[in-house]
file data33.tsv (TSV, C-alpha atoms)
chain	number	residue	atom	x	y	z
K	1	MET	CA	-68.41	22.81	-69.71
K	2	GLN	CA	-69.92	25.34	-67.29
K	3	VAL	CA	-72.40	24.09	-64.75
K	4	GLU	CA	-75.01	26.46	-63.27
K	5	HIS	CA	-75.76	26.08	-59.59
K	6	THR	CA	-78.93	27.17	-57.95
K	7	THR	CA	-79.29	28.72	-54.49
K	8	ASN	CA	-80.86	25.57	-53.09
K	9	ASP	CA	-77.88	23.58	-54.22
K	10	LEU	CA	-75.47	25.93	-52.42
K	11	ASN	CA	-77.47	25.88	-49.18
K	12	ARG	CA	-77.67	22.12	-49.25
K	13	TRP	CA	-74.00	21.90	-49.74
K	14	PHE	CA	-73.12	24.29	-46.88
K	15	ALA	CA	-75.37	22.31	-44.54
K	16	SER	CA	-73.77	18.98	-45.35
K	17	ALA	CA	-70.22	20.01	-46.22
K	18	PRO	CA	-67.60	18.21	-44.14
K	19	VAL	CA	-64.84	20.13	-42.39
K	20	THR	CA	-61.53	19.69	-44.17
K	21	THR	CA	-58.06	20.58	-43.09
K	22	LEU	CA	-56.34	23.64	-44.49
K	23	THR	CA	-53.25	21.72	-45.42
K	24	GLY	CA	-52.77	18.89	-47.84
K	25	ALA	CA	-54.47	18.10	-51.12
K	26	ARG	CA	-58.16	18.19	-51.41
K	27	LYS	CA	-59.73	14.82	-51.30
K	28	ALA	CA	-62.49	14.09	-53.63
K	29	THR	CA	-65.65	13.20	-51.95
K	30	HIS	CA	-68.84	11.94	-53.38
K	31	ARG	CA	-72.23	11.65	-51.88
K	32	GLU	CA	-75.41	10.76	-53.40
K	33	ASN	CA	-76.95	14.08	-52.56
K	34	ASP	CA	-74.05	16.22	-53.79
K	35	GLY	CA	-76.05	17.10	-56.77
K	36	PRO	CA	-74.39	17.77	-60.06
K	37	TRP	CA	-70.84	17.82	-58.66
K	38	LYS	CA	-69.18	14.52	-59.27
K	39	THR	CA	-65.63	15.34	-58.46
K	40	ALA	CA	-63.89	17.49	-55.89
K	41	GLY	CA	-62.54	19.68	-58.62
K	42	ASP	CA	-65.99	20.62	-59.83
K	43	ARG	CA	-67.22	21.52	-56.26
K	44	PRO	CA	-66.64	25.03	-54.79
K	45	GLN	CA	-64.15	25.11	-51.94
K	46	PRO	CA	-65.82	27.20	-49.15
K	47	ALA	CA	-64.09	25.55	-46.15
K	48	ARG	CA	-61.38	28.21	-45.65
K	49	GLU	CA	-63.69	31.13	-46.36
K	50	SER	CA	-66.44	29.77	-44.02
K	51	LEU	CA	-64.04	29.40	-41.08
K	52	ILE	CA	-62.71	32.93	-41.43
K	53	CYS	CA	-66.19	34.35	-41.74
K	54	ARG	CA	-67.39	32.42	-38.75
K	55	GLY	CA	-64.39	33.52	-36.65
K	56	THR	CA	-64.80	37.12	-37.69
K	57	ARG	CA	-68.48	37.01	-36.99
K	58	PHE	CA	-67.87	35.41	-33.59
K	59	VAL	CA	-65.33	38.02	-32.62
K	60	PHE	CA	-67.57	40.86	-33.78
K	61	VAL	CA	-70.65	39.53	-32.04
K	62	THR	CA	-68.68	38.84	-28.86
K	63	GLY	CA	-67.24	42.37	-28.82
K	64	VAL	CA	-70.63	43.94	-29.38
K	65	CYS	CA	-72.12	41.87	-26.57
K	66	LEU	CA	-69.29	42.83	-24.21
K	67	HIS	CA	-69.72	46.53	-24.93
K	68	LEU	CA	-73.46	46.32	-24.57
K	69	SER	CA	-73.18	44.43	-21.29
K	70	LYS	CA	-70.68	47.01	-20.01
K	71	TYR	CA	-72.91	49.99	-20.85
K	72	PHE	CA	-76.01	48.22	-19.60
K	73	GLY	CA	-74.26	47.29	-16.34
K	74	GLU	CA	-73.16	50.90	-15.77
K	75	TYR	CA	-76.67	52.14	-16.46
K	76	VAL	CA	-78.21	49.68	-14.03
K	77	SER	CA	-75.57	50.48	-11.41
K	78	LYS	CA	-76.20	54.22	-11.70
K	79	THR	CA	-79.93	53.69	-11.51
K	80	ARG	CA	-79.63	51.57	-8.40
K	81	GLN	CA	-77.19	54.04	-6.89
K	82	SER	CA	-79.68	56.89	-7.34
K	83	GLN	CA	-82.45	55.10	-5.49
K	84	VAL	CA	-82.90	51.81	-3.74
K	85	ASP	CA	-86.16	50.99	-2.04
K	86	VAL	CA	-85.36	48.94	1.01
K	87	GLY	CA	-89.02	48.46	1.88
K	88	SER	CA	-88.66	47.79	5.61
K	89	PRO	CA	-86.05	48.15	8.36
K	90	ARG	CA	-85.41	44.41	8.25
K	91	ALA	CA	-84.84	44.57	4.49
K	92	ALA	CA	-82.56	47.57	4.98
K	93	LEU	CA	-80.53	45.67	7.56
K	94	LEU	CA	-80.32	42.63	5.29
K	95	TRP	CA	-79.32	44.84	2.38
K	96	ALA	CA	-76.59	46.51	4.45
K	97	GLN	CA	-75.18	43.12	5.44
K	98	THR	CA	-75.25	41.57	1.98
K	99	ALA	CA	-74.62	44.52	-0.32
K	100	SER	CA	-71.21	45.18	-1.79
K	101	PRO	CA	-69.13	48.11	-0.50
K	102	ARG	CA	-70.03	50.05	-3.64
K	103	ASP	CA	-73.75	49.44	-3.19
K	104	ARG	CA	-73.57	50.50	0.46
K	105	ASN	CA	-72.76	54.02	-0.66
K	106	MET	CA	-76.11	54.28	-2.40
K	107	THR	CA	-78.70	56.67	-0.96
K	108	LEU	CA	-81.87	55.19	0.44
K	109	ILE	CA	-85.25	56.40	-0.70
K	110	GLU	CA	-87.13	58.20	2.04
K	111	ASP	CA	-89.87	55.95	3.30
K	112	THR	CA	-92.47	58.08	5.03
K	113	THR	CA	-94.14	55.04	6.57
K	114	MET	CA	-90.83	54.15	8.25
K	115	ASN	CA	-89.96	57.74	9.21
K	116	LEU	CA	-86.60	57.26	7.56
K	117	PRO	CA	-84.38	60.34	7.09
K	118	PRO	CA	-84.40	62.05	3.69
K	119	SER	CA	-81.83	61.24	1.06
K	120	ASP	CA	-79.85	64.44	1.71
K	121	TYR	CA	-79.82	63.88	5.48
K	122	ALA	CA	-76.35	64.17	6.92
K	123	ALA	CA	-75.68	62.00	9.94
K	124	TYR	CA	-74.25	63.60	13.05
K	125	PRO	CA	-70.50	63.26	13.27
K	126	PRO	CA	-69.24	61.01	16.02
K	127	ASN	CA	-68.75	62.76	19.32
K	128	PRO	CA	-65.09	63.62	19.78
K	129	GLU	CA	-63.48	62.59	22.98
K	130	GLN	CA	-63.98	65.25	25.59
K	131	ARG	CA	-60.85	66.98	26.58
K	132	VAL	CA	-60.13	66.78	30.28
K	133	LYS	CA	-59.89	70.33	31.62
K	134	GLN	CA	-56.96	71.24	33.77
K	135	LYS	CA	-57.25	72.27	37.40
K	136	ASN	CA	-57.88	75.99	37.85
K	137	THR	CA	-55.39	77.08	40.50
K	138	VAL	CA	-56.54	80.70	40.42
K	139	GLY	CA	-60.15	79.63	40.92
K	140	LEU	CA	-59.16	77.39	43.83
K	141	ILE	CA	-57.34	80.25	45.55
K	142	ALA	CA	-60.31	82.52	44.87
K	143	VAL	CA	-62.86	80.17	46.44
K	144	ILE	CA	-60.69	79.63	49.53
K	145	THR	CA	-60.24	83.38	49.93
K	146	ALA	CA	-63.97	83.94	49.45
K	147	VAL	CA	-64.87	81.39	52.15
K	148	ILE	CA	-62.43	82.94	54.64
K	149	GLY	CA	-63.71	86.43	53.81
K	150	PHE	CA	-67.31	85.28	54.22
K	151	VAL	CA	-66.55	83.92	57.70
K	152	PHE	CA	-64.86	87.16	58.79
K	153	ALA	CA	-67.70	89.23	57.30
K	154	CYS	CA	-70.10	87.54	59.73
K	155	ILE	CA	-67.99	88.51	62.76
K	156	PRO	CA	-68.65	92.11	63.86
K	157	GLY	CA	-65.20	92.56	65.39
K	158	ALA	CA	-63.40	91.24	62.27
K	159	LEU	CA	-65.69	92.76	59.68
K	160	ILE	CA	-62.91	94.81	58.08
K	161	VAL	CA	-60.92	91.63	57.31
K	162	GLY	CA	-63.88	90.19	55.43
K	163	TRP	CA	-64.27	93.38	53.43
K	164	ILE	CA	-60.62	93.12	52.35
K	165	LEU	CA	-60.70	89.43	51.41
K	166	LEU	CA	-64.05	89.38	49.59
K	167	PRO	CA	-63.10	91.89	46.83
K	168	ILE	CA	-59.82	90.02	46.32
K	169	ALA	CA	-61.71	86.75	45.95
K	170	PHE	CA	-64.14	88.36	43.50
K	171	ILE	CA	-61.30	89.63	41.28
K	172	LEU	CA	-59.49	86.27	41.36
K	173	GLY	CA	-62.75	84.51	40.46
K	174	ILE	CA	-63.23	86.74	37.43
K	175	VAL	CA	-59.63	86.06	36.32
K	176	GLY	CA	-60.21	82.32	36.72
K	177	LEU	CA	-63.32	82.46	34.52
K	178	PHE	CA	-61.33	83.82	31.59
K	179	GLN	CA	-58.62	81.15	31.67
K	180	SER	CA	-59.07	78.86	28.68
K	181	GLY	CA	-58.82	75.13	29.11
K	182	LYS	CA	-59.25	75.37	32.88
K	183	ALA	CA	-62.15	74.23	35.05
K	184	LYS	CA	-64.59	77.05	35.79
K	185	GLY	CA	-66.49	75.59	38.76
K	186	THR	CA	-64.25	76.98	41.50
K	187	SER	CA	-64.15	80.42	39.87
K	188	ILE	CA	-67.95	80.60	39.63
K	189	ALA	CA	-68.28	79.50	43.26
K	190	ALA	CA	-65.76	82.16	44.34
K	191	VAL	CA	-67.65	84.94	42.56
K	192	ILE	CA	-70.97	83.88	44.09
K	193	ILE	CA	-69.55	83.54	47.60
K	194	ALA	CA	-67.83	86.93	47.31
K	195	ILE	CA	-71.07	88.66	46.29
K	196	VAL	CA	-73.14	86.97	48.98
K	197	GLY	CA	-70.43	87.61	51.58
K	198	THR	CA	-70.34	91.31	50.71
K	199	ILE	CA	-74.10	91.57	51.14
K	200	VAL	CA	-73.92	89.75	54.47
K	201	GLY	CA	-71.07	92.03	55.53
K	202	PHE	CA	-73.17	95.14	54.87
K	203	ILE	CA	-76.06	93.65	56.83
K	204	VAL	CA	-73.78	92.88	59.78
K	205	PHE	CA	-72.26	96.38	59.57
K	206	PHE	CA	-75.61	98.14	59.66
K	207	THR	CA	-76.74	95.87	62.49
K	208	VAL	CA	-73.67	96.80	64.51
K	209	VAL	CA	-74.15	100.49	63.79
K	210	THR	CA	-77.82	100.31	64.74
K	211	ASP	CA	-77.00	98.54	67.97
K	212	ALA	CA	-74.34	101.13	68.75
K	213	VAL	CA	-76.76	103.98	68.12
K	214	ASP	CA	-79.42	102.33	70.23
K	215	GLU	CA	-76.91	101.76	72.98
K	216	ALA	CA	-75.69	105.34	72.82
K	217	PHE	CA	-79.05	107.06	72.54
K	218	GLY	CA	-81.60	104.43	73.43
K	219	GLY	CA	-81.53	105.45	77.10
K	220	SER	CA	-81.76	109.16	76.37
K	221	ASP	CA	-85.57	109.34	76.53
K	222	LEU	CA	-86.71	110.91	79.76
K	223	SER	CA	-89.38	109.42	81.94
K	224	VAL	CA	-91.24	110.65	84.98
K	225	ALA	CA	-89.65	109.63	88.23
K	226	GLU	CA	-91.57	107.23	90.46
K	227	SER	CA	-91.83	109.80	93.21
K	228	ASN	CA	-93.76	112.10	90.89
K	229	SER	CA	-96.05	109.60	89.14
K	230	GLY	CA	-96.63	107.19	92.02
K	231	ASP	CA	-96.42	104.30	89.55
K	232	SER	CA	-93.68	102.78	87.46
K	233	PRO	CA	-91.75	105.25	85.27
K	234	VAL	CA	-93.56	106.32	82.11
K	235	THR	CA	-91.56	107.60	79.17
K	236	SER	CA	-92.53	111.12	78.23
K	237	GLY	CA	-94.19	111.34	74.85
K	238	ASP	CA	-95.16	107.66	74.64
K	239	SER	CA	-98.74	108.81	74.14
K	240	GLN	CA	-100.58	112.10	74.04
K	241	ASP	CA	-101.96	111.60	77.55
K	242	ALA	CA	-98.75	110.30	79.14
K	243	PRO	CA	-97.30	112.43	81.93
K	244	GLY	CA	-94.76	114.82	80.50
K	245	SER	CA	-96.38	114.95	77.06
K	246	ARG	CA	-97.48	118.24	75.56
K	247	ASP	CA	-101.11	117.48	76.28
K	248	ASN	CA	-100.30	116.45	79.83
K	249	PRO	CA	-97.30	118.51	80.93
K	250	LEU	CA	-95.57	118.06	84.26
K	251	PRO	CA	-95.51	120.79	86.83
K	252	ILE	CA	-92.36	122.79	87.29
K	253	GLY	CA	-90.22	121.06	89.91
K	254	ALA	CA	-91.11	117.53	88.85
K	255	THR	CA	-88.18	115.15	88.31
K	256	VAL	CA	-87.54	113.38	85.02
K	257	VAL	CA	-84.89	110.73	84.66
K	258	ASN	CA	-83.04	108.54	82.18
K	259	ASP	CA	-80.10	106.16	82.45
K	260	GLU	CA	-77.63	108.97	83.14
K	261	TRP	CA	-79.42	112.01	84.56
K	262	ASN	CA	-82.04	113.07	87.09
K	263	ILE	CA	-83.28	116.49	86.01
K	264	VAL	CA	-85.32	119.12	87.83
K	265	LEU	CA	-86.34	122.47	86.32
K	266	GLY	CA	-86.70	125.48	88.63
K	267	THR	CA	-89.27	128.20	88.27
K	268	PRO	CA	-88.61	130.31	85.14
K	269	ARG	CA	-88.33	134.06	85.58
K	270	GLU	CA	-87.99	137.17	83.43
K	271	ALA	CA	-84.30	138.17	83.53
K	272	GLY	CA	-83.76	141.13	81.22
K	273	ASP	CA	-82.22	143.24	83.94
K	274	GLU	CA	-80.04	140.38	85.19
K	275	VAL	CA	-78.70	139.74	81.72
K	276	SER	CA	-77.94	143.44	81.18
K	277	ALA	CA	-76.28	143.68	84.58
K	278	GLU	CA	-74.17	140.58	83.92
K	279	ASN	CA	-72.73	142.03	80.74
K	280	PRO	CA	-73.55	145.53	79.42
K	281	PHE	CA	-72.52	144.42	75.96
K	282	ASN	CA	-75.34	141.88	75.68
K	283	ASP	CA	-77.82	142.69	72.97
K	284	PRO	CA	-81.30	143.55	74.18
K	285	PRO	CA	-84.13	141.24	73.22
K	286	ALA	CA	-85.98	141.83	69.98
K	287	PRO	CA	-89.25	143.78	70.11
K	288	GLY	CA	-92.00	141.63	71.60
K	289	MET	CA	-89.44	139.25	73.10
K	290	GLU	CA	-88.10	138.86	76.63
K	291	PHE	CA	-85.15	137.10	78.27
K	292	TRP	CA	-86.26	134.33	80.62
K	293	ILE	CA	-83.94	132.26	82.83
K	294	VAL	CA	-84.71	128.64	83.84
K	295	PRO	CA	-82.69	127.16	86.75
K	296	VAL	CA	-81.58	123.56	86.06
K	297	THR	CA	-80.42	120.94	88.57
K	298	ALA	CA	-79.03	117.75	87.02
K	299	THR	CA	-77.59	114.80	88.95
K	300	TYR	CA	-75.38	112.43	86.99
K	301	THR	CA	-76.23	108.73	87.54
K	302	GLY	CA	-74.23	107.18	84.70
K	303	ASP	CA	-71.14	104.98	84.82
K	304	ASP	CA	-68.54	107.35	83.41
K	305	THR	CA	-68.75	111.13	83.40
K	306	GLY	CA	-71.39	113.53	82.12
K	307	LEU	CA	-71.45	117.07	80.79
K	308	ALA	CA	-74.82	118.66	81.46
K	309	TRP	CA	-74.76	121.47	78.92
K	310	THR	CA	-74.00	119.02	76.03
K	311	ASP	CA	-76.33	116.23	77.20
K	312	LEU	CA	-79.35	118.38	78.09
K	313	THR	CA	-81.37	120.76	75.91
K	314	ILE	CA	-83.86	123.33	77.28
K	315	LYS	CA	-86.42	124.91	74.92
K	316	PHE	CA	-89.67	126.92	75.08
K	317	VAL	CA	-92.81	126.11	73.08
K	318	GLY	CA	-95.09	129.14	72.88
K	319	SER	CA	-98.83	129.30	72.57
K	320	ASP	CA	-98.25	130.09	68.89
K	321	ASN	CA	-96.96	126.49	68.53
K	322	LYS	CA	-93.43	127.68	67.79
K	323	THR	CA	-90.26	126.48	69.45
K	324	TYR	CA	-87.79	129.04	70.82
K	325	SER	CA	-84.21	128.26	71.75
K	326	ASP	CA	-82.14	131.45	71.13
K	327	SER	CA	-79.77	132.26	73.93
K	328	CYS	CA	-79.55	135.58	75.75
K	329	GLY	CA	-75.80	136.10	75.75
K	330	VAL	CA	-73.72	136.19	78.91
K	331	ILE	CA	-75.87	135.26	81.89
K	332	PRO	CA	-75.22	134.70	85.58
K	333	ASP	CA	-74.48	131.12	86.74
K	334	ASN	CA	-74.54	129.76	83.23
K	335	LEU	CA	-74.99	125.97	83.04
K	336	ASN	CA	-72.45	125.94	80.21
K	337	ASP	CA	-69.77	126.88	82.72
K	338	VAL	CA	-70.26	123.67	84.70
K	339	ASP	CA	-67.60	121.11	83.84
K	340	GLU	CA	-68.13	117.35	83.64
K	341	VAL	CA	-69.31	115.51	86.68
K	342	TYR	CA	-68.79	111.94	87.89
K	343	PRO	CA	-71.51	109.55	89.09
K	344	GLY	CA	-73.45	111.23	91.86
K	345	GLY	CA	-72.21	114.71	90.89
K	346	ILE	CA	-74.69	117.56	90.55
K	347	ALA	CA	-74.58	120.19	87.84
K	348	GLU	CA	-76.49	123.35	88.70
K	349	GLY	CA	-76.85	126.40	86.51
K	350	ASN	CA	-79.09	128.68	84.54
K	351	THR	CA	-80.31	128.54	80.99
K	352	CYS	CA	-81.65	131.70	79.33
K	353	ILE	CA	-83.95	131.74	76.30
K	354	ALA	CA	-85.50	134.64	74.35
K	355	VAL	CA	-89.24	133.98	74.42
K	356	PRO	CA	-92.39	135.93	73.50
K	357	ALA	CA	-93.33	138.51	76.13
K	358	GLY	CA	-95.19	136.94	79.01
K	359	ALA	CA	-93.77	133.44	78.30
K	360	ASP	CA	-97.16	131.97	77.59
K	361	GLY	CA	-96.35	128.36	76.80
K	362	LEU	CA	-94.53	125.24	77.91
K	363	TRP	CA	-90.93	124.54	78.81
K	364	SER	CA	-89.26	121.36	77.57
K	365	VAL	CA	-86.14	119.43	78.41
K	366	SER	CA	-84.60	116.56	76.42
K	367	ALA	CA	-81.49	114.43	76.78
K	368	GLY	CA	-79.17	113.50	73.94
K	369	PHE	CA	-79.63	114.11	70.21
K	370	THR	CA	-82.59	111.81	69.69
K	371	GLY	CA	-84.26	111.91	73.08
K	372	LYS	CA	-87.94	112.77	73.29
K	373	PRO	CA	-88.71	116.00	75.19
K	374	SER	CA	-90.61	116.20	78.47
K	375	PHE	CA	-92.87	119.25	78.82
K	376	PHE	CA	-93.42	121.41	81.91
K	377	SER	CA	-96.04	124.02	82.69
K	378	THR	CA	-95.76	126.96	85.06
K	379	SER	CA	-99.52	127.25	85.59

call {"tool": "encode", "arguments": {"input": "data33.tsv", "output": "structure tokens"}}
result
Amino acid sequence: MQVEHTTNDLNRWFASAPVTTLTGARKATHRENDGPWKTAGDRPQPARESLICRGTRFVFVTGVCLHLSKYFGEYVSKTRQSQVDVGSPRAALLWAQTASPRDRNMTLIEDTTMNLPPSDYAAYPPNPEQRVKQKNTVGLIAVITAVIGFVFACIPGALIVGWILLPIAFILGIVGLFQSGKAKGTSIAAVIIAIVGTIVGFIVFFTVVTDAVDEAFGGSDLSVAESNSGDSPVTSGDSQDAPGSRDNPLPIGATVVNDEWNIVLGTPREAGDEVSAENPFNDPPAPGMEFWIVPVTATYTGDDTGLAWTDLTIKFVGSDNKTYSDSCGVIPDNLNDVDEVYPGGIAEGNTCIAVPAGADGLWSVSAGFTGKPSFFSTS
């Protein structure tokens, strides 16, 4: 006899069905609400099938949940890694202290209110330990040489020693600058001292030369002797109105002096016949010119010896404002024939100059190469 079961009957049974063991004979059960089934043989046996289904369903659901949680966790982790808003410096510090090592590698969102660096900002690498530079022996030698050369360059008598040492120090300083891994301070100091010392050496040299020139020629300017001026000696040419200047010439026979000579010019005279008689081979004067002789008396007052014809120069300045100094040839009692004289010695002789006919002008005498001339007038 086949019994038809409705869906409500099956659901009611599944809800109230007891769990039975999988081993052993089925025990007949009877409940008042079992419905039409009166014996265990008439009831369906879903216990084994329900357990398998439930286990399979549990495993499936569990696996799906695990996979979903894995993918969801990776998605959240990537999203948080791309940007994390720390909000404030205190929150950032708290986050750095509590976050996991993986989360600490995340890039912070730039917070313009905090003036935080951008996400692609690369922090400066830690400063490496500075390498201690080795002592520069070449630079040390250079600076010592430069100092010694500088000292000698300031001493006039040892100036040449400084000029030898300073270039050596400069070269050693340059070599020391190009040594890698060595200290450069001493080399730089050596180069600077060498340059400054060279400049100082040139200044000292020119000072010495100037002093020597002044000493050699500074006393060559002639001045009017006290016996002529009545006052203290006045250097000729100091002013246009000074005695012995071109505007105020001295009379012939007046004495002019300097540190080494007392000079007196005699009265000039026309000496064409004397010159011809002294040597017939002398050339005659050019047309419009005449030979005039000027007697010179020079007393040496210096400390060593003096040579009058090299120390003294006689010239004629004509009314045409031209200077004449051409010699006449061989003349009698030539001053050039007088040898050197010692202090107190007197050199006397004649000087002959070719001048315009009539010798209308002034005669001048100067001492040394740079001495100012003193002018004399015959009128």

call {"tool": "atom_distance", "arguments": {"input": "data33.tsv", "atom1": "atom CA of K:Gly139", "atom2": "atom CA of K:Phe202"}}
result
24.6 Å

call {"tool": "closest_residue", "arguments": {"input": "data33.tsv", "among": "K:Thr370, K:Asp339, K:Met289, K:Gly306", "to": "K:Val355", "atoms": "only C-alpha atoms"}}
result
K:Met289

call {"tool": "residues_around", "arguments": {"input": "data33.tsv", "residues": "K:Pro343", "least_positions_apart": "2", "cutoff": "12 Å", "atoms": "only C-alpha atoms", "output": "ChimeraX atom specification"}}
result
/K:259-262,298-307,340-341,345-347

call {"tool": "atom_distance", "arguments": {"input": "data33.tsv", "atom1": "atom CA of K:Thr351", "atom2": "atom CA of K:Val256"}}
result
17.3 Å

call {"tool": "atom_distance", "arguments": {"input": "data33.tsv", "atom1": "atom CA of K:Ile171", "atom2": "atom CA of K:Gly185"}}
result
15.2 Å

call {"tool": "residues_near_point", "arguments": {"input": "data33.tsv", "point": "(-98.0, 137.4, 69.7)", "cutoff": "9 Å", "atoms": "all atoms listed in the file", "output": "list in words"}}
result
Gly288, Ser319, Asp320, Pro356 and Ala357 of chain K

call {"tool": "closest_residue", "arguments": {"input": "data33.tsv", "among": "K:Arg269, K:Asn334, K:Thr310, K:Pro284", "to": "K:Gly358", "atoms": "all atoms listed in the file"}}
result
K:Arg269

call {"tool": "closest_residue", "arguments": {"input": "data33.tsv", "among": "K:Val61, K:Ala367, K:Leu362, K:Ala158", "to": "K:Ser245", "atoms": "all atoms listed in the file"}}
result
K:Leu362

call {"tool": "residues_around", "arguments": {"input": "data33.tsv", "residues": "K:Val191", "least_positions_apart": "4", "cutoff": "9 Å", "atoms": "only C-alpha atoms", "output": "CSV table (one decimal) with C-alpha atoms, in the frame of the given file"}}
result
chain,number,residue,atom,x,y,z
K,142,ALA,CA,-60.3,82.5,44.9
K,143,VAL,CA,-62.9,80.2,46.4
K,146,ALA,CA,-64.0,83.9,49.4
K,169,ALA,CA,-61.7,86.8,46.0
K,170,PHE,CA,-64.1,88.4,43.5
K,171,ILE,CA,-61.3,89.6,41.3
K,172,LEU,CA,-59.5,86.3,41.4
K,173,GLY,CA,-62.8,84.5,40.5
K,174,ILE,CA,-63.2,86.7,37.4
K,186,THR,CA,-64.2,77.0,41.5
K,187,SER,CA,-64.2,80.4,39.9
K,195,ILE,CA,-71.1,88.7,46.3
K,196,VAL,CA,-73.1,87.0,49.0
